Amino acid sequence: MIETGENTALAGRPEGLEQLRLLVEAALGSLHNASLKRGGPIAAGGPDAALAAVRKVLDGDRILADHPTARRVADLFDAYAASAADLTHPAAVSRMQCAPTAVSAAAELLAAVLNQSMHSWESGPFALELERRLIREMASWVGYGEEAFGTLTPGGSISNLMGLLLSRDHALARSRSGDGPFDASQAGLSGLGARPRILCSAAAHFSIARAAGFLGLGRDAVVSVPVDDRGRMLADEARRILDGFGPDEVAVALVATAGTTDHGSFDPLPELAALAAERRVWLHVDAAYGIGALFSTTLAPLLDGLALADSIAFDLHKFGWTPASSSVLLVRDEQHMECLSQQAVYLNPTDDEAAGFSALLGSSMQTTRRADAFKITASLLAVGRKGMGSWVDACHAQARYAAARIADSDDLDLVADPILSTVIFRCRASATAPVVDEGAWNAAVRRKLMAEGRVLPARTKAPGPDGRPQVHLKLVFLNPATTFEEIDEVLADVVAAARETAVSEASAHSSSQPARRA
């Protein structure tokens, strides 16, 4: 006899579907109750409260307990919903992390129940064909031709890793002379002789340097190209660096960013594409955030030149409104993906593939892989291109409104007008909010807002009044439903927290000073 706890039927069976219906109703109830009780973008209490919530729901028990109960699952649902960040709340403005569409969430549930995979034909025949169709269509979005292909990945960092993997093998194969092409994926890097180099801007995502380390090139292979005051790569500086490479140095890739994490800046893609073509260097574009501009008729020119890239990474769990992960790698010429090819007799035997029973094992770094194309397709079908564009434009308008309000404030300093949907600013010290260290004060303001569950802002560093890097706050707008009035409330909360923190800091500083002698 099989012994199990309650609610343990397999999801696809008739009894499992009935349990699933009841569990989904319970989960929706947990979400509804949490939204009524939370009162802000996150539960108040900070890290201690989150840890206490986990301890309370598990009540000192092991997760894999000897006597499972349905009550523990219900409590887990309630606690998770109550303590999660509410990405639909207008004050949840800290991360490039969107609230997903209802249809994509429903598709995620269906995909989870069926649990298809991309590594063999019989593991997900419809899912396989759907991903192929979606990838081909996405390639057309960016201006690629029929020879293009790509894959879905677990996130933008992996998309960048894969793009640099392809660039590594392409560049190092060309660098070998006399002995024929060099296959780095097969032979490794020992004895190569060449010193690989990756050029990216000083504002590029940290995943570029991490990828260089993972690929055996080393983080030191990454050469930082100077940027302008908005974080855009200076093409002339990239040319100067390439001109300075010695005979033993190989330019593996020129990495451009379309939508930097802070300013949302776009590197000059046409100039960099021309430079890459002239020097026969692989051009990879990290458009994880900036791809949203593609859907907007107003912002689309920011991506001019994108079609000239050899590979492009982008996310649809930022601008795209699908659940994470929904990341993509596109490659202009599918032949460059050959280094990913893999034949396994138990997954994709050659005679099966010749008969049409082919899968996507050879286009990914993964074996078992989720059917992420399903939720993406469902959401795109429901929202449409015009809908996507209007949502991107709404987020852009929110950022511009917030920036204008900050610029008019006596309590806040704006760093620069927004390019996409991020706004960088700082709380300004004044007679009503005197502080000793403005950077530490801004950091403390953010922690206070988060701990009290009022606002979830991000933080970064930007030049302060003295030109030195200083902690600044950042708002990231990815919720098209947020109103201007709600933005006013967010900024009012920031100003109030700044004043409260300044008073506390002044009091603490005063009490720490030695008493004066009479």
# chains A, B, ... in the order shown; residues from 1 in each chain; ligands from 1

$ residues_around --residues "segment 413-423 of chain A" --least-positions-apart "5" --cutoff "6 Å" --atoms "only C-alpha atoms" --output "list in words"
Gly264, Cys395, His396, Ala399, Ile406, Ala407, Lys474, Leu475, Val476 and Phe477 of chain A

$ residues_around --residues "Thr460 of chain A" --least-positions-apart "3" --cutoff "9 Å" --atoms "only C-alpha atoms" --output "ChimeraX atom specification"
/A:262,424,470-474

$ write_last_selection --atoms "N, CA, C and O atoms" --output "mmCIF file, in the first residue's frame"
data_model
loop_
_atom_site.group_PDB
_atom_site.id
_atom_site.type_symbol
_atom_site.label_atom_id
_atom_site.label_comp_id
_atom_site.auth_asym_id
_atom_site.auth_seq_id
_atom_site.Cartn_x
_atom_site.Cartn_y
_atom_site.Cartn_z
ATOM 1 N N ASP A 262 20.918 51.166 -14.332
ATOM 2 C CA ASP A 262 20.598 52.399 -13.616
ATOM 3 C C ASP A 262 19.877 53.409 -14.503
ATOM 4 O O ASP A 262 18.694 53.677 -14.323
ATOM 5 N N ILE A 424 16.693 58.024 -11.032
ATOM 6 C CA ILE A 424 17.713 58.051 -9.985
ATOM 7 C C ILE A 424 17.680 59.420 -9.311
ATOM 8 O O ILE A 424 17.669 60.465 -9.990
ATOM 9 N N GLN A 470 28.159 58.378 -4.519
ATOM 10 C CA GLN A 470 27.397 58.436 -3.289
ATOM 11 C C GLN A 470 26.124 57.621 -3.457
ATOM 12 O O GLN A 470 25.609 57.479 -4.565
ATOM 13 N N VAL A 471 25.614 57.080 -2.363
ATOM 14 C CA VAL A 471 24.372 56.307 -2.426
ATOM 15 C C VAL A 471 23.230 57.191 -2.913
ATOM 16 O O VAL A 471 23.019 58.296 -2.403
ATOM 17 N N HIS A 472 22.524 56.716 -3.906
ATOM 18 C CA HIS A 472 21.309 57.362 -4.404
ATOM 19 C C HIS A 472 20.173 56.346 -4.367
ATOM 20 O O HIS A 472 20.404 55.130 -4.270
ATOM 21 N N LEU A 473 18.969 56.825 -4.470
ATOM 22 C CA LEU A 473 17.793 55.968 -4.551
ATOM 23 C C LEU A 473 17.341 55.861 -6.002
ATOM 24 O O LEU A 473 17.650 56.719 -6.828
ATOM 25 N N LYS A 474 16.618 54.808 -6.284
ATOM 26 C CA LYS A 474 16.160 54.574 -7.661
ATOM 27 C C LYS A 474 14.751 54.023 -7.644
ATOM 28 O O LYS A 474 14.405 53.168 -6.822
#

$ residues_around --residues "Lys386 of chain A" --least-positions-apart "6" --cutoff "12 Å" --atoms "only C-alpha atoms" --output "number ranges by chain"
A: 294-297, 380, 392-393

$ write_last_selection --atoms "N, CA and C atoms" --output "PDB file, in the first residue's frame"
ATOM      1  N   LEU A 294      11.342  48.143 -27.996  1.00  0.00           N
ATOM      2  CA  LEU A 294      10.976  47.596 -29.303  1.00  0.00           C
ATOM      3  C   LEU A 294       9.470  47.642 -29.539  1.00  0.00           C
ATOM      4  N   PHE A 295       8.688  47.553 -28.479  1.00  0.00           N
ATOM      5  CA  PHE A 295       7.232  47.513 -28.608  1.00  0.00           C
ATOM      6  C   PHE A 295       6.614  48.909 -28.707  1.00  0.00           C
ATOM      7  N   SER A 296       7.399  49.942 -28.422  1.00  0.00           N
ATOM      8  CA  SER A 296       6.909  51.316 -28.399  1.00  0.00           C
ATOM      9  C   SER A 296       7.321  52.044 -29.663  1.00  0.00           C
ATOM     10  N   THR A 297       6.366  52.645 -30.363  1.00  0.00           N
ATOM     11  CA  THR A 297       6.717  53.395 -31.572  1.00  0.00           C
ATOM     12  C   THR A 297       7.567  54.613 -31.226  1.00  0.00           C
ATOM     13  N   LEU A 380       1.458  37.061 -24.921  1.00  0.00           N
ATOM     14  CA  LEU A 380       1.547  37.860 -26.136  1.00  0.00           C
ATOM     15  C   LEU A 380       0.245  37.821 -26.930  1.00  0.00           C
ATOM     16  N   VAL A 392       4.444  49.797 -22.194  1.00  0.00           N
ATOM     17  CA  VAL A 392       5.801  50.351 -22.104  1.00  0.00           C
ATOM     18  C   VAL A 392       5.740  51.877 -22.053  1.00  0.00           C
ATOM     19  N   ASP A 393       4.916  52.457 -22.903  1.00  0.00           N
ATOM     20  CA  ASP A 393       4.783  53.915 -22.921  1.00  0.00           C
ATOM     21  C   ASP A 393       4.238  54.438 -21.595  1.00  0.00           C
TER      22      ASP A 393
END

$ select_by_dssp --residues "segment 255-461 of chain A" --states "strand (DSSP E or B)" --output "number ranges by chain"
A: 255-258, 266, 282-286, 311-315, 327-331, 412-414, 422-427, 456-461

$ atom_distance --atom1 "atom CA of Thr298 of chain A" --atom2 "atom CA of Lys318 of chain A"
18.6 Å

$ closest_residue --among "A:Pro323, A:Pro41, A:Gly46, A:Gly12" --to "Ser104 of chain A" --atoms "only C-alpha atoms"
A:Pro323

$ atom_distance --atom1 "atom CA of Ser364 of chain A" --atom2 "atom CA of Gly163 of chain A"
11.2 Å

$ residues_around --residues "Arg446 of chain A" --least-positions-apart "3" --cutoff "12 Å" --atoms "only C-alpha atoms" --output "PyMOL selection string"
chain A and resi 46+93-94+426-427+439-443+449-460+471-475+493-498+500-501

$ decode --residues "segment 375-394 of chain A" --atoms "N, CA, C and O atoms" --output "CSV table (one decimal), in the first residue's frame"
chain,number,residue,atom,x,y,z
A,375,LYS,N,3.8,30.1,-21.6
A,375,LYS,CA,3.3,31.3,-20.9
A,375,LYS,C,3.6,32.6,-21.6
A,375,LYS,O,2.8,33.5,-21.6
A,376,ILE,N,4.8,32.6,-22.3
A,376,ILE,CA,5.1,33.8,-23.1
A,376,ILE,C,4.1,34.0,-24.2
A,376,ILE,O,3.6,35.1,-24.5
A,377,THR,N,3.9,32.9,-25.0
A,377,THR,CA,2.9,32.9,-26.1
A,377,THR,C,1.5,33.3,-25.6
A,377,THR,O,0.9,34.2,-26.3
A,378,ALA,N,1.1,32.7,-24.5
A,378,ALA,CA,-0.3,33.0,-24.0
A,378,ALA,C,-0.4,34.5,-23.7
A,378,ALA,O,-1.4,35.2,-24.1
A,379,SER,N,0.6,35.1,-23.1
A,379,SER,CA,0.5,36.5,-22.7
A,379,SER,C,0.6,37.4,-24.0
A,379,SER,O,-0.2,38.4,-24.1
A,380,LEU,N,1.5,37.1,-24.9
A,380,LEU,CA,1.5,37.9,-26.1
A,380,LEU,C,0.2,37.8,-26.9
A,380,LEU,O,-0.2,38.8,-27.5
A,381,LEU,N,-0.4,36.6,-27.0
A,381,LEU,CA,-1.7,36.5,-27.7
A,381,LEU,C,-2.7,37.4,-27.0
A,381,LEU,O,-3.6,38.0,-27.7
A,382,ALA,N,-2.7,37.5,-25.7
A,382,ALA,CA,-3.7,38.2,-25.0
A,382,ALA,C,-3.5,39.7,-25.0
A,382,ALA,O,-4.5,40.5,-25.1
A,383,VAL,N,-2.3,40.1,-24.9
A,383,VAL,CA,-2.0,41.6,-24.8
A,383,VAL,C,-1.8,42.2,-26.2
A,383,VAL,O,-2.3,43.3,-26.4
A,384,GLY,N,-1.1,41.5,-27.1
A,384,GLY,CA,-0.9,42.1,-28.4
A,384,GLY,C,0.2,43.1,-28.5
A,384,GLY,O,0.6,43.6,-27.5
A,385,ARG,N,0.6,43.4,-29.7
A,385,ARG,CA,1.8,44.3,-29.8
A,385,ARG,C,1.4,45.7,-29.4
A,385,ARG,O,2.2,46.4,-28.8
A,386,LYS,N,0.2,46.2,-29.8
A,386,LYS,CA,-0.2,47.5,-29.5
A,386,LYS,C,-0.3,47.6,-27.9
A,386,LYS,O,0.0,48.7,-27.3
A,387,GLY,N,-0.9,46.6,-27.3
A,387,GLY,CA,-1.0,46.6,-25.9
A,387,GLY,C,0.3,46.6,-25.2
A,387,GLY,O,0.5,47.4,-24.2
A,388,MET,N,1.3,45.8,-25.7
A,388,MET,CA,2.6,45.9,-25.1
A,388,MET,C,3.2,47.3,-25.2
A,388,MET,O,3.8,47.8,-24.3
A,389,GLY,N,3.1,47.8,-26.4
A,389,GLY,CA,3.6,49.2,-26.6
A,389,GLY,C,3.0,50.2,-25.7
A,389,GLY,O,3.7,51.1,-25.2
A,390,SER,N,1.7,50.1,-25.5
A,390,SER,CA,1.0,51.1,-24.7
A,390,SER,C,1.4,51.0,-23.2
A,390,SER,O,1.6,51.9,-22.5
A,391,TRP,N,1.7,49.7,-22.8
A,391,TRP,CA,2.2,49.5,-21.4
A,391,TRP,C,3.6,50.0,-21.2
A,391,TRP,O,3.9,50.6,-20.2
A,392,VAL,N,4.4,49.8,-22.2
A,392,VAL,CA,5.8,50.4,-22.1
A,392,VAL,C,5.7,51.9,-22.1
A,392,VAL,O,6.4,52.5,-21.2
A,393,ASP,N,4.9,52.5,-22.9
A,393,ASP,CA,4.8,53.9,-22.9
A,393,ASP,C,4.2,54.4,-21.6
A,393,ASP,O,4.6,55.5,-21.1
A,394,ALA,N,3.3,53.7,-21.0
A,394,ALA,CA,2.8,54.1,-19.7
A,394,ALA,C,3.9,54.1,-18.6
A,394,ALA,O,3.9,55.1,-17.8
